$ cat target-v6.cif   # mmCIF, C-alpha atoms and all ligand atoms
data_structure
loop_
_atom_site.label_atom_id
_atom_site.label_comp_id
_atom_site.auth_asym_id
_atom_site.auth_seq_id
_atom_site.Cartn_x
_atom_site.Cartn_y
_atom_site.Cartn_z
CA MET L 272 0.00 0.00 0.00
CA PRO L 273 1.46 3.41 -0.90
CA ARG L 274 2.02 5.64 2.13
CA THR L 275 1.70 9.36 2.72
CA TRP L 276 4.58 11.22 4.35
CA PHE L 277 5.00 14.63 6.03
CA ILE L 278 8.64 15.71 6.24
CA THR L 279 10.11 18.90 7.74
CA GLY L 280 13.33 20.50 6.49
CA ALA L 281 12.86 18.57 3.27
CA ASN L 282 14.78 20.86 0.93
CA ARG L 283 18.31 19.59 1.58
CA GLY L 284 20.40 17.03 3.38
CA LEU L 285 18.62 14.10 4.99
CA GLY L 286 15.15 15.61 4.50
CA ARG L 287 15.61 15.82 0.74
CA ALA L 288 16.97 12.26 0.60
CA PHE L 289 13.95 11.02 2.61
CA THR L 290 11.61 12.86 0.21
CA VAL L 291 13.27 11.47 -2.91
CA ALA L 292 13.37 7.93 -1.48
CA ALA L 293 9.70 8.02 -0.45
CA LEU L 294 8.66 9.23 -3.90
CA ALA L 295 10.83 6.55 -5.52
CA ALA L 296 9.04 3.95 -3.35
CA GLY L 297 5.73 5.07 -4.89
CA ASP L 298 4.58 7.02 -1.84
CA THR L 299 3.01 10.48 -1.56
CA VAL L 300 4.95 13.23 0.22
CA VAL L 301 4.04 16.55 1.80
CA ALA L 302 7.48 18.12 2.00
CA THR L 303 7.95 21.29 4.01
CA ALA L 304 10.74 23.83 3.74
CA ARG L 305 11.37 27.35 4.98
CA ASP L 306 11.79 28.37 1.35
CA PRO L 307 9.70 26.12 -0.92
CA HIS L 308 11.50 27.52 -3.99
CA THR L 309 14.52 25.47 -2.97
CA MET L 310 12.49 22.40 -3.92
CA SER L 311 11.30 23.60 -7.33
CA ASP L 312 13.64 21.13 -9.05
CA LEU L 313 11.62 18.23 -7.62
CA THR L 314 8.50 17.76 -9.69
CA ASP L 315 6.25 14.83 -9.04
CA ALA L 316 2.47 14.56 -9.02
CA ARG L 317 2.75 12.82 -5.63
CA LEU L 318 4.75 15.68 -4.09
CA THR L 319 3.24 18.71 -2.35
CA VAL L 320 5.63 21.36 -1.05
CA LEU L 321 4.46 23.68 1.71
CA PRO L 322 6.33 26.53 3.43
CA LEU L 323 7.17 25.89 7.06
CA ASP L 324 9.52 27.30 9.65
CA VAL L 325 9.11 24.82 12.51
CA ARG L 326 9.80 27.51 15.12
CA ASP L 327 6.47 29.17 14.31
CA ARG L 328 3.79 27.21 16.22
CA ASP L 329 0.84 28.86 14.44
CA GLN L 330 2.38 28.14 11.05
CA VAL L 331 3.06 24.55 12.12
CA PHE L 332 -0.60 23.95 13.08
CA ALA L 333 -1.88 25.59 9.86
CA THR L 334 0.58 23.62 7.70
CA VAL L 335 -0.19 20.26 9.31
CA ALA L 336 -3.93 20.96 8.87
CA LYS L 337 -3.33 21.83 5.23
CA ALA L 338 -1.31 18.64 4.71
CA PHE L 339 -4.18 16.51 6.03
CA ASP L 340 -6.58 18.51 3.82
CA VAL L 341 -4.47 17.78 0.75
CA THR L 342 -3.74 14.10 1.35
CA GLY L 343 -6.51 12.94 3.70
CA ARG L 344 -4.08 11.02 5.89
CA ILE L 345 -0.44 10.89 6.99
CA ASP L 346 1.20 7.54 7.57
CA VAL L 347 4.76 8.69 8.30
CA LEU L 348 5.57 12.01 9.95
CA VAL L 349 9.29 12.84 9.96
CA ASN L 350 10.51 15.60 12.24
CA ASN L 351 13.80 16.22 10.49
CA ALA L 352 14.43 20.00 10.55
CA GLY L 353 17.35 20.84 12.79
CA TYR L 354 20.91 22.09 13.04
CA GLY L 355 23.94 21.95 15.31
CA LEU L 356 25.02 24.77 17.60
CA VAL L 357 28.65 24.66 18.72
CA GLY L 358 30.07 26.51 21.70
CA ALA L 359 31.07 26.07 25.31
CA LEU L 360 28.04 26.74 27.46
CA GLU L 361 29.30 30.06 28.80
CA GLU L 362 30.10 31.24 25.26
CA LEU L 363 26.55 30.82 23.97
CA SER L 364 24.09 33.71 23.88
CA GLU L 365 20.50 33.44 25.07
CA THR L 366 19.34 34.00 21.50
CA GLN L 367 21.49 31.12 20.22
CA ILE L 368 20.33 28.79 22.99
CA ARG L 369 16.64 29.61 22.51
CA ASP L 370 16.90 29.22 18.73
CA GLN L 371 18.53 25.79 19.10
CA MET L 372 15.70 24.64 21.36
CA ASP L 373 13.02 26.36 19.22
CA THR L 374 14.21 24.44 16.16
CA ASN L 375 15.36 21.02 17.34
CA PHE L 376 13.03 20.56 20.31
CA TYR L 377 9.97 22.82 20.10
CA GLY L 378 9.77 22.51 16.32
CA ALA L 379 9.36 18.74 16.51
CA LEU L 380 7.08 19.11 19.53
CA TRP L 381 4.70 21.53 17.73
CA VAL L 382 4.55 19.33 14.62
CA SER L 383 3.85 16.23 16.74
CA GLN L 384 1.19 18.07 18.77
CA ALA L 385 -0.49 19.44 15.66
CA ALA L 386 -0.68 16.00 14.03
CA LEU L 387 -1.91 14.04 17.06
CA PRO L 388 -5.68 14.65 16.75
CA TYR L 389 -5.53 13.51 13.11
CA LEU L 390 -3.35 10.47 13.84
CA ARG L 391 -5.61 9.43 16.72
CA ALA L 392 -8.66 9.82 14.49
CA GLN L 393 -7.15 7.68 11.75
CA ALA L 394 -5.91 5.20 14.44
CA SER L 395 -2.58 4.78 12.69
CA GLY L 396 0.60 6.60 11.83
CA HIS L 397 4.31 6.54 12.61
CA ILE L 398 6.08 9.58 14.02
CA VAL L 399 9.83 9.45 13.33
CA GLN L 400 11.95 11.91 15.26
CA ILE L 401 15.29 12.47 13.57
CA SER L 402 17.60 12.24 16.55
CA THR L 403 21.28 11.49 16.88
CA VAL L 404 23.83 9.33 18.62
CA GLY L 405 24.43 12.63 20.47
CA ALA L 406 21.13 12.01 22.26
CA VAL L 407 22.66 8.95 23.92
CA GLY L 408 26.11 10.39 24.59
CA SER L 409 27.39 13.93 24.63
CA LEU L 410 30.34 15.93 23.37
CA PRO L 411 32.04 19.04 24.78
CA LEU L 412 30.98 22.21 22.88
CA PHE L 413 27.73 20.52 21.82
CA SER L 414 25.85 20.95 25.09
CA MET L 415 22.84 22.70 23.63
CA TYR L 416 22.66 20.42 20.59
CA ASN L 417 22.83 17.46 22.98
CA ALA L 418 20.21 19.09 25.23
CA SER L 419 17.83 19.78 22.34
CA LYS L 420 17.96 16.18 21.11
CA TRP L 421 17.87 14.65 24.61
CA ALA L 422 14.74 16.78 25.18
CA LEU L 423 13.30 15.58 21.87
CA GLU L 424 13.90 11.99 22.96
CA GLY L 425 12.46 12.57 26.44
CA PHE L 426 9.04 13.76 25.33
CA SER L 427 8.96 11.29 22.46
CA ALA L 428 9.63 8.24 24.63
CA SER L 429 6.72 9.23 26.86
CA LEU L 430 4.59 10.02 23.81
CA ALA L 431 5.24 6.54 22.40
CA ASP L 432 3.55 5.01 25.46
CA GLU L 433 0.69 7.55 25.36
CA LEU L 434 -0.05 6.76 21.72
CA ARG L 435 0.25 2.97 21.80
CA PRO L 436 -3.47 2.47 22.67
CA PHE L 437 -4.38 4.54 19.60
CA GLY L 438 -2.29 2.51 17.16
CA VAL L 439 0.15 5.38 16.56
CA LYS L 440 3.89 4.56 16.68
CA VAL L 441 6.89 6.69 17.59
CA THR L 442 10.53 6.00 16.76
CA LEU L 443 13.67 7.90 17.67
CA ALA L 444 15.95 7.54 14.65
CA GLN L 445 19.40 7.98 16.16
CA MET L 446 21.53 9.00 13.21
CA GLY L 447 25.27 8.73 12.89
CA GLY L 448 27.27 11.15 10.76
CA PHE L 449 26.07 11.72 7.19
CA ASP L 450 27.47 13.92 4.47
CA THR L 451 25.02 16.83 4.61
CA ASP L 452 25.39 20.52 5.41
CA TRP L 453 24.94 19.70 9.13
CA ALA L 454 28.67 19.92 9.96
CA LYS L 455 29.28 22.47 7.21
CA SER L 456 27.27 25.53 6.21
CA SER L 457 24.34 24.82 8.56
CA MET L 458 26.41 24.70 11.73
CA LYS L 459 26.23 27.73 14.02
CA PHE L 460 29.05 28.78 16.35
CA ALA L 461 29.47 30.81 19.53
CA ASP L 462 31.82 33.75 19.87
CA GLY L 463 34.81 31.96 21.38
CA ILE L 464 36.54 33.04 24.55
CA PRO L 465 40.24 32.15 24.86
CA ALA L 466 39.81 29.90 27.90
CA TYR L 467 38.23 27.23 25.68
CA SER L 468 40.88 27.24 22.91
CA ALA L 469 42.30 23.90 24.04
CA VAL L 470 38.84 22.32 24.14
CA ARG L 471 38.17 23.60 20.62
CA GLU L 472 41.52 22.20 19.49
CA SER L 473 40.70 18.77 20.91
CA ILE L 474 37.14 18.57 19.58
CA LEU L 475 37.23 20.62 16.38
CA GLY L 476 40.93 20.42 15.56
CA THR L 477 41.25 24.22 15.58
CA PRO L 478 41.62 26.74 18.44
CA ASP L 479 39.05 29.12 16.90
CA TYR L 480 35.47 28.94 15.71
CA PRO L 481 34.77 30.04 12.13
CA ASP L 482 33.95 33.75 11.91
CA MET L 483 30.15 33.84 11.62
CA SER L 484 30.20 37.48 10.46
CA ALA L 485 32.37 36.59 7.43
CA PRO L 486 30.57 35.98 4.10
CA ALA L 487 29.31 32.40 3.98
CA ALA L 488 31.91 30.15 2.39
CA GLU L 489 30.59 26.82 1.15
CA ASP L 490 31.60 23.88 3.32
CA THR L 491 34.42 25.61 5.19
CA ALA L 492 33.28 25.10 8.77
CA SER L 493 35.29 22.61 10.80
CA GLU L 494 33.69 19.23 11.31
CA PRO L 495 33.69 17.78 14.82
CA ALA L 496 36.60 15.42 15.34
CA ALA L 497 34.19 12.57 16.09
CA ASP L 498 32.76 12.93 12.59
CA ASN L 499 36.16 13.01 10.88
CA GLU L 500 37.18 9.51 11.77
CA TRP L 501 35.61 8.05 8.66
CA ALA L 502 34.22 9.30 5.37
CA GLU L 503 30.61 10.09 6.05
CA PRO L 504 28.05 8.23 3.98
CA ALA L 505 25.68 9.95 1.59
CA PRO L 506 22.20 10.96 2.81
CA GLU L 507 20.76 8.24 0.57
CA VAL L 508 22.22 5.68 3.01
CA ALA L 509 20.18 7.30 5.80
CA ALA L 510 17.11 7.27 3.57
CA ALA L 511 17.49 3.53 2.96
CA GLY L 512 17.67 3.04 6.75
CA LEU L 513 14.56 5.13 7.25
CA LEU L 514 12.64 3.21 4.57
CA ALA L 515 13.57 -0.07 6.28
CA LEU L 516 12.37 1.39 9.60
CA VAL L 517 8.96 2.45 8.31
CA ASP L 518 8.55 -0.89 6.49
CA ASP L 519 8.90 -2.65 9.86
CA PRO L 520 5.40 -3.62 11.06
CA ASN L 521 6.62 -3.43 14.67
CA PRO L 522 9.11 -0.56 14.69
CA PRO L 523 11.24 -0.11 17.83
CA LEU L 524 11.21 3.03 19.96
CA ARG L 525 14.90 3.51 19.12
CA ARG L 526 16.67 2.68 15.84
CA VAL L 527 20.32 3.49 15.22
CA ILE L 528 20.99 4.42 11.58
CA GLY L 529 24.41 4.89 10.01
CA PRO L 530 27.81 3.21 9.77
CA GLY L 531 29.75 3.63 13.02
CA ALA L 532 26.71 4.90 14.88
CA HIS L 533 26.10 1.62 16.70
CA GLN L 534 29.58 1.69 18.26
CA MET L 535 29.05 5.28 19.40
CA VAL L 536 25.77 4.37 21.09
CA ALA L 537 27.36 1.28 22.68
CA MET L 538 30.25 3.37 24.04
CA ALA L 539 27.88 5.99 25.47
CA LEU L 540 25.71 3.34 27.15
CA ASP L 541 28.77 1.57 28.53
CA ALA L 542 30.06 4.86 30.00
CA ARG L 543 26.72 5.26 31.80
CA ARG L 544 26.78 1.69 33.04
CA ARG L 545 30.31 2.18 34.39
CA ASP L 546 29.10 5.22 36.33
CA TYR L 547 26.19 3.37 37.89
CA ILE L 548 28.06 0.21 38.87
CA THR L 549 30.43 2.21 41.10
CA ASP L 550 27.35 2.47 43.35
CA PRO L 551 27.17 -0.70 45.53
CA GLU L 552 23.37 -0.34 45.71
CA PHE L 553 23.13 -0.61 41.94
CA THR L 554 22.85 -4.09 40.50
CA TRP L 555 23.16 -4.36 36.75
CA PRO L 556 20.63 -6.93 35.44
CA ALA L 557 22.22 -10.15 34.20
N1 LIG H 1 24.05 14.87 9.04
C1 LIG H 1 24.39 14.33 10.19
O1 LIG H 1 25.52 13.88 10.38
C2 LIG H 1 23.36 14.22 11.28
C3 LIG H 1 23.64 13.37 12.38
C4 LIG H 1 22.70 13.24 13.39
C5 LIG H 1 21.49 13.93 13.29
N2 LIG H 1 21.25 14.77 12.24
C6 LIG H 1 19.98 15.50 12.22
O2 LIG H 1 19.38 15.32 10.96
C7 LIG H 1 18.48 16.42 10.71
C8 LIG H 1 18.71 16.94 9.30
O3 LIG H 1 20.01 17.50 9.23
P1 LIG H 1 20.92 17.38 7.92
O4 LIG H 1 22.07 16.52 8.27
O5 LIG H 1 20.09 17.05 6.74
O6 LIG H 1 21.46 18.88 7.84
P2 LIG H 1 21.28 20.01 6.71
O7 LIG H 1 21.79 19.50 5.40
O8 LIG H 1 21.91 21.22 7.30
O9 LIG H 1 19.71 20.21 6.58
C9 LIG H 1 19.00 20.78 7.66
C10 LIG H 1 17.58 21.02 7.22
O10 LIG H 1 16.86 21.54 8.36
C11 LIG H 1 16.17 22.70 7.93
N3 LIG H 1 15.89 23.64 9.00
C12 LIG H 1 16.75 24.21 9.88
N4 LIG H 1 16.09 25.08 10.69
C13 LIG H 1 14.79 25.04 10.30
C14 LIG H 1 13.60 25.70 10.74
N5 LIG H 1 13.62 26.60 11.74
N6 LIG H 1 12.43 25.41 10.11
C15 LIG H 1 12.38 24.51 9.10
N7 LIG H 1 13.48 23.88 8.62
C16 LIG H 1 14.66 24.14 9.22
C17 LIG H 1 17.07 23.31 6.87
O11 LIG H 1 16.34 24.25 6.11
P3 LIG H 1 17.03 25.55 5.43
O12 LIG H 1 17.57 25.08 4.12
O13 LIG H 1 15.92 26.53 5.33
O14 LIG H 1 18.12 26.01 6.37
C18 LIG H 1 17.47 22.06 6.12
O15 LIG H 1 16.45 21.67 5.23
C19 LIG H 1 18.75 17.44 11.82
O16 LIG H 1 17.75 17.34 12.79
C20 LIG H 1 20.10 16.99 12.37
O17 LIG H 1 20.29 17.39 13.70
C21 LIG H 1 22.16 14.92 11.24
#

$ encode --input "target-v6.cif" --output "structure tokens" --more "lines below"
Ligand SMILES: NC(=O)c1ccc[n+]([C@@H]2O[C@H](COP(=O)([O-])OP(=O)(O)OC[C@H]3O[C@@H](n4cnc5c(N)ncnc54)[C@H](OP(=O)(O)O)[C@@H]3O)[C@@H](O)[C@H]2O)c1
Amino acid sequence: MPRTWFITGANRGLGRAFTVAALAAGDTVVATARDPHTMSDLTDARLTVLPLDVRDRDQVFATVAKAFDVTGRIDVLVNNAGYGLVGALEELSETQIRDQMDTNFYGALWVSQAALPYLRAQASGHIVQISTVGAVGSLPLFSMYNASKWALEGFSASLADELRPFGVKVTLAQMGGFDTDWAKSSMKFADGIPAYSAVRESILGTPDYPDMSAPAAEDTASEPAADNEWAEPAPEVAAAGLLALVDDPNPPLRRVIGPGAHQMVAMALDARRRDYITDPEFTWPA
């Protein structure tokens, strides 16, 4: 049976790959983008492109309503829009912190909230939150990115249990590194203070952040060291993983997607376990 998708941040990176893959699978897609013109090269009778900045709650509710008007139902809702903010906590401005949460956390929250009455009424649907291995572990200089995705996972795990009686599923797709603009032109940086130069050097391989006031240079931002250890796969690899996930009749709450990502999750979980087992009252289940 062909499915109907709703995807945020669909104009580039993973969101575009998800859109193209869903169309190629014979499905119908409502793709949303801040600037719909950036999707004008994609023409398909089964594709509807709607403008959406996920930070705008009113626009989110109106756009989700319009999507259901256009298609009648949504089987797969992908909260994909997001970006990475880099900076030591004390270097980040309130505006930067709020924008990170408004996009990665509240954006996905508003879209989920807006869709829930429709999904409950149709008694089906699969909400996929595009999360990260950084929502299991954490990395210095990524505190607010980590926080935004941990927050996304927190409400979504609870939501999964709330929605089970209604036949609506939720999955946290914990992505590894993929070759998109995430670690390049999309990444936002704090104004660095010298005290953190050594931390920057160890994590980013450079003592300074890129100058955000300089004219945008394509793909010049430093990639986090953790992402440099291997060549990152193309977004189409992520799309294949997502297709496999939504084909699963019993999808898990958490699905790790991407080469190398499983080891990163395992290391983060093991670090937690090692913390807990120093406590004599804590018994790790056999
Ligand atoms: N690539 C990776 O290695 C990786 C790893 C783990 C998780 N992720 C997650 O995957 C998701 C997609 O990222 P990507 O790798 O595809 O990065 P990307 O190439 O930079 O694409 C990000 C997308 O998010 C959109 N977006 C950002 N802010 C938005 C807003 N306020 N409203 C609507 N759309 C907005 C962008 O739209 P504009 O074109 O308008 O800016 C763009 O379409 C993000 O949630 C990211 O955190 C990525």

$ residues_near_ligand --input "target-v6.cif" --ligand "ligand LIG 1 (chain H)" --cutoff "6 Å" --atoms "all atoms listed in the file" --output "MDAnalysis selection string"
chainID L and resid 280:286 304:305 323:326 351:354 374 401:403 446:453 457

$ write_last_selection --input "target-v6.cif" --atoms "C-alpha atoms" --output "mmCIF file, keeping the file's coordinate frame"
data_model
loop_
_atom_site.group_PDB
_atom_site.id
_atom_site.type_symbol
_atom_site.label_atom_id
_atom_site.label_comp_id
_atom_site.auth_asym_id
_atom_site.auth_seq_id
_atom_site.Cartn_x
_atom_site.Cartn_y
_atom_site.Cartn_z
ATOM 1 C CA GLY L 280 13.330 20.500 6.490
ATOM 2 C CA ALA L 281 12.860 18.570 3.270
ATOM 3 C CA ASN L 282 14.780 20.860 0.930
ATOM 4 C CA ARG L 283 18.310 19.590 1.580
ATOM 5 C CA GLY L 284 20.400 17.030 3.380
ATOM 6 C CA LEU L 285 18.620 14.100 4.990
ATOM 7 C CA GLY L 286 15.150 15.610 4.500
ATOM 8 C CA ALA L 304 10.740 23.830 3.740
ATOM 9 C CA ARG L 305 11.370 27.350 4.980
ATOM 10 C CA LEU L 323 7.170 25.890 7.060
ATOM 11 C CA ASP L 324 9.520 27.300 9.650
ATOM 12 C CA VAL L 325 9.110 24.820 12.510
ATOM 13 C CA ARG L 326 9.800 27.510 15.120
ATOM 14 C CA ASN L 351 13.800 16.220 10.490
ATOM 15 C CA ALA L 352 14.430 20.000 10.550
ATOM 16 C CA GLY L 353 17.350 20.840 12.790
ATOM 17 C CA TYR L 354 20.910 22.090 13.040
ATOM 18 C CA THR L 374 14.210 24.440 16.160
ATOM 19 C CA ILE L 401 15.290 12.470 13.570
ATOM 20 C CA SER L 402 17.600 12.240 16.550
ATOM 21 C CA THR L 403 21.280 11.490 16.880
ATOM 22 C CA MET L 446 21.530 9.000 13.210
ATOM 23 C CA GLY L 447 25.270 8.730 12.890
ATOM 24 C CA GLY L 448 27.270 11.150 10.760
ATOM 25 C CA PHE L 449 26.070 11.720 7.190
ATOM 26 C CA ASP L 450 27.470 13.920 4.470
ATOM 27 C CA THR L 451 25.020 16.830 4.610
ATOM 28 C CA ASP L 452 25.390 20.520 5.410
ATOM 29 C CA TRP L 453 24.940 19.700 9.130
ATOM 30 C CA SER L 457 24.340 24.820 8.560
#

$ residues_around --input "target-v6.cif" --residues "L:Ala406" --least-positions-apart "6" --cutoff "7 Å" --atoms "all atoms listed in the file" --output "list in words"
Asn417, Lys420 and Trp421 of chain L

$ closest_residue --input "target-v6.cif" --among "L:Ala292, L:Ala502, L:Thr279, L:Val341" --to "L:Asp306" --atoms "all atoms listed in the file"
L:Thr279

$ residues_around --input "target-v6.cif" --residues "L:Leu380" --least-positions-apart "2" --cutoff "9 Å" --atoms "only C-alpha atoms" --output "short mmCIF file (atom, residue, chain, number, x, y, z; two decimals) with C-alpha atoms, keeping the file's coordinate frame"
data_model
loop_
_atom_site.label_atom_id
_atom_site.label_comp_id
_atom_site.auth_asym_id
_atom_site.auth_seq_id
_atom_site.Cartn_x
_atom_site.Cartn_y
_atom_site.Cartn_z
CA ASN L 350 10.51 15.60 12.24
CA ASN L 375 15.36 21.02 17.34
CA PHE L 376 13.03 20.56 20.31
CA TYR L 377 9.97 22.82 20.10
CA GLY L 378 9.77 22.51 16.32
CA VAL L 382 4.55 19.33 14.62
CA SER L 383 3.85 16.23 16.74
CA GLN L 384 1.19 18.07 18.77
CA ALA L 385 -0.49 19.44 15.66
CA LEU L 423 13.30 15.58 21.87
CA PHE L 426 9.04 13.76 25.33
CA SER L 427 8.96 11.29 22.46
#

$ residues_around --input "target-v6.cif" --residues "L:Val404" --least-positions-apart "5" --cutoff "12 Å" --atoms "all atoms listed in the file" --output "PDB file with C-alpha atoms, in the frame of the given file"
ATOM      1  CA  SER L 409      27.390  13.930  24.630  1.00  0.00           C
ATOM      2  CA  LEU L 410      30.340  15.930  23.370  1.00  0.00           C
ATOM      3  CA  TYR L 416      22.660  20.420  20.590  1.00  0.00           C
ATOM      4  CA  ASN L 417      22.830  17.460  22.980  1.00  0.00           C
ATOM      5  CA  LYS L 420      17.960  16.180  21.110  1.00  0.00           C
ATOM      6  CA  TRP L 421      17.870  14.650  24.610  1.00  0.00           C
ATOM      7  CA  GLU L 424      13.900  11.990  22.960  1.00  0.00           C
ATOM      8  CA  LEU L 443      13.670   7.900  17.670  1.00  0.00           C
ATOM      9  CA  ALA L 444      15.950   7.540  14.650  1.00  0.00           C
ATOM     10  CA  GLN L 445      19.400   7.980  16.160  1.00  0.00           C
ATOM     11  CA  MET L 446      21.530   9.000  13.210  1.00  0.00           C
ATOM     12  CA  GLY L 447      25.270   8.730  12.890  1.00  0.00           C
ATOM     13  CA  GLY L 448      27.270  11.150  10.760  1.00  0.00           C
ATOM     14  CA  PHE L 449      26.070  11.720   7.190  1.00  0.00           C
ATOM     15  CA  ALA L 497      34.190  12.570  16.090  1.00  0.00           C
ATOM     16  CA  ASP L 498      32.760  12.930  12.590  1.00  0.00           C
ATOM     17  CA  ARG L 525      14.900   3.510  19.120  1.00  0.00           C
ATOM     18  CA  ARG L 526      16.670   2.680  15.840  1.00  0.00           C
ATOM     19  CA  VAL L 527      20.320   3.490  15.220  1.00  0.00           C
ATOM     20  CA  ILE L 528      20.990   4.420  11.580  1.00  0.00           C
ATOM     21  CA  GLY L 529      24.410   4.890  10.010  1.00  0.00           C
ATOM     22  CA  PRO L 530      27.810   3.210   9.770  1.00  0.00           C
ATOM     23  CA  GLY L 531      29.750   3.630  13.020  1.00  0.00           C
ATOM     24  CA  ALA L 532      26.710   4.900  14.880  1.00  0.00           C
ATOM     25  CA  HIS L 533      26.100   1.620  16.700  1.00  0.00           C
ATOM     26  CA  GLN L 534      29.580   1.690  18.260  1.00  0.00           C
ATOM     27  CA  MET L 535      29.050   5.280  19.400  1.00  0.00           C
ATOM     28  CA  VAL L 536      25.770   4.370  21.090  1.00  0.00           C
ATOM     29  CA  ALA L 537      27.360   1.280  22.680  1.00  0.00           C
ATOM     30  CA  MET L 538      30.250   3.370  24.040  1.00  0.00           C
ATOM     31  CA  ALA L 539      27.880   5.990  25.470  1.00  0.00           C
ATOM     32  CA  LEU L 540      25.710   3.340  27.150  1.00  0.00           C
TER      33      LEU L 540
END

$ residues_around --input "target-v6.cif" --residues "L:Ile368" --least-positions-apart "4" --cutoff "10 Å" --atoms "only C-alpha atoms" --output "PDB file with C-alpha atoms, keeping the file's coordinate frame"
ATOM      1  CA  LEU L 356      25.020  24.770  17.600  1.00  0.00           C
ATOM      2  CA  LEU L 360      28.040  26.740  27.460  1.00  0.00           C
ATOM      3  CA  LEU L 363      26.550  30.820  23.970  1.00  0.00           C
ATOM      4  CA  SER L 364      24.090  33.710  23.880  1.00  0.00           C
ATOM      5  CA  MET L 372      15.700  24.640  21.360  1.00  0.00           C
ATOM      6  CA  ASP L 373      13.020  26.360  19.220  1.00  0.00           C
ATOM      7  CA  SER L 414      25.850  20.950  25.090  1.00  0.00           C
ATOM      8  CA  MET L 415      22.840  22.700  23.630  1.00  0.00           C
ATOM      9  CA  TYR L 416      22.660  20.420  20.590  1.00  0.00           C
ATOM     10  CA  ALA L 418      20.210  19.090  25.230  1.00  0.00           C
ATOM     11  CA  SER L 419      17.830  19.780  22.340  1.00  0.00           C
ATOM     12  CA  ALA L 461      29.470  30.810  19.530  1.00  0.00           C
TER      13      ALA L 461
END

$ closest_residue --input "target-v6.cif" --among "L:Glu365, L:Asp312, L:Ala302, L:Gln371" --to "L:Ala338" --atoms "only C-alpha atoms"
L:Ala302

$ closest_atom_pairs --input "target-v6.cif" --of "stretch 401-440 of chain L" --to "stretch 475-482 of chain L" --cutoff "12 Å" --atoms "only C-alpha atoms" --output "tab-separated table"
residue	atom	partner	partner_atom	distance
L:Leu410	CA	L:Leu475	CA	10.9
L:Pro411	CA	L:Leu475	CA	10.0
L:Leu412	CA	L:Leu475	CA	9.2
L:Phe413	CA	L:Leu475	CA	10.9

$ atom_distance --input "target-v6.cif" --atom1 "atom CA of L:Asp370" --atom2 "atom CA of L:Tyr467"
22.5 Å

$ axis_aligned_box --input "target-v6.cif" --around "stretch 359-378 of chain L" --padding-each-side "5 Å" --output "AutoDock Vina command-line options"
--center_x 20.4 --center_y 27.3 --center_z 22.5 --size_x 31.3 --size_y 23.4 --size_z 22.6

$ build_atoms --input "target-v6.cif" --residues "stretch 381-394 of chain L" --atoms "N, CA and C atoms" --output "PDB file, in the frame of the given file"
ATOM      1  N   TRP L 381       5.905  20.897  18.317  1.00  0.00           N
ATOM      2  CA  TRP L 381       4.700  21.530  17.730  1.00  0.00           C
ATOM      3  C   TRP L 381       4.145  20.660  16.604  1.00  0.00           C
ATOM      4  N   VAL L 382       5.028  20.140  15.746  1.00  0.00           N
ATOM      5  CA  VAL L 382       4.550  19.330  14.620  1.00  0.00           C
ATOM      6  C   VAL L 382       3.854  18.070  15.154  1.00  0.00           C
ATOM      7  N   SER L 383       4.457  17.442  16.164  1.00  0.00           N
ATOM      8  CA  SER L 383       3.850  16.230  16.740  1.00  0.00           C
ATOM      9  C   SER L 383       2.482  16.585  17.328  1.00  0.00           C
ATOM     10  N   GLN L 384       2.445  17.664  18.117  1.00  0.00           N
ATOM     11  CA  GLN L 384       1.190  18.070  18.770  1.00  0.00           C
ATOM     12  C   GLN L 384       0.101  18.355  17.735  1.00  0.00           C
ATOM     13  N   ALA L 385       0.492  19.068  16.680  1.00  0.00           N
ATOM     14  CA  ALA L 385      -0.490  19.440  15.660  1.00  0.00           C
ATOM     15  C   ALA L 385      -1.064  18.213  14.962  1.00  0.00           C
ATOM     16  N   ALA L 386      -0.231  17.185  14.782  1.00  0.00           N
ATOM     17  CA  ALA L 386      -0.680  16.000  14.030  1.00  0.00           C
ATOM     18  C   ALA L 386      -1.478  15.019  14.892  1.00  0.00           C
ATOM     19  N   LEU L 387      -1.339  15.089  16.202  1.00  0.00           N
ATOM     20  CA  LEU L 387      -1.910  14.040  17.060  1.00  0.00           C
ATOM     21  C   LEU L 387      -3.409  13.845  16.909  1.00  0.00           C
ATOM     22  N   PRO L 388      -4.225  14.910  16.888  1.00  0.00           N
ATOM     23  CA  PRO L 388      -5.680  14.650  16.750  1.00  0.00           C
ATOM     24  C   PRO L 388      -6.006  13.886  15.470  1.00  0.00           C
ATOM     25  N   TYR L 389      -5.283  14.189  14.391  1.00  0.00           N
ATOM     26  CA  TYR L 389      -5.530  13.510  13.110  1.00  0.00           C
ATOM     27  C   TYR L 389      -5.069  12.051  13.180  1.00  0.00           C
ATOM     28  N   LEU L 390      -3.893  11.834  13.773  1.00  0.00           N
ATOM     29  CA  LEU L 390      -3.350  10.470  13.840  1.00  0.00           C
ATOM     30  C   LEU L 390      -4.230   9.601  14.731  1.00  0.00           C
ATOM     31  N   ARG L 391      -4.692  10.180  15.840  1.00  0.00           N
ATOM     32  CA  ARG L 391      -5.610   9.430  16.720  1.00  0.00           C
ATOM     33  C   ARG L 391      -6.876   9.079  15.981  1.00  0.00           C
ATOM     34  N   ALA L 392      -7.399  10.064  15.227  1.00  0.00           N
ATOM     35  CA  ALA L 392      -8.660   9.820  14.490  1.00  0.00           C
ATOM     36  C   ALA L 392      -8.482   8.743  13.434  1.00  0.00           C
ATOM     37  N   GLN L 393      -7.337   8.706  12.785  1.00  0.00           N
ATOM     38  CA  GLN L 393      -7.150   7.680  11.750  1.00  0.00           C
ATOM     39  C   GLN L 393      -6.659   6.357  12.370  1.00  0.00           C
ATOM     40  N   ALA L 394      -6.341   6.397  13.684  1.00  0.00           N
ATOM     41  CA  ALA L 394      -5.910   5.200  14.440  1.00  0.00           C
ATOM     42  C   ALA L 394      -4.706   4.516  13.806  1.00  0.00           C
TER      43      ALA L 394
END
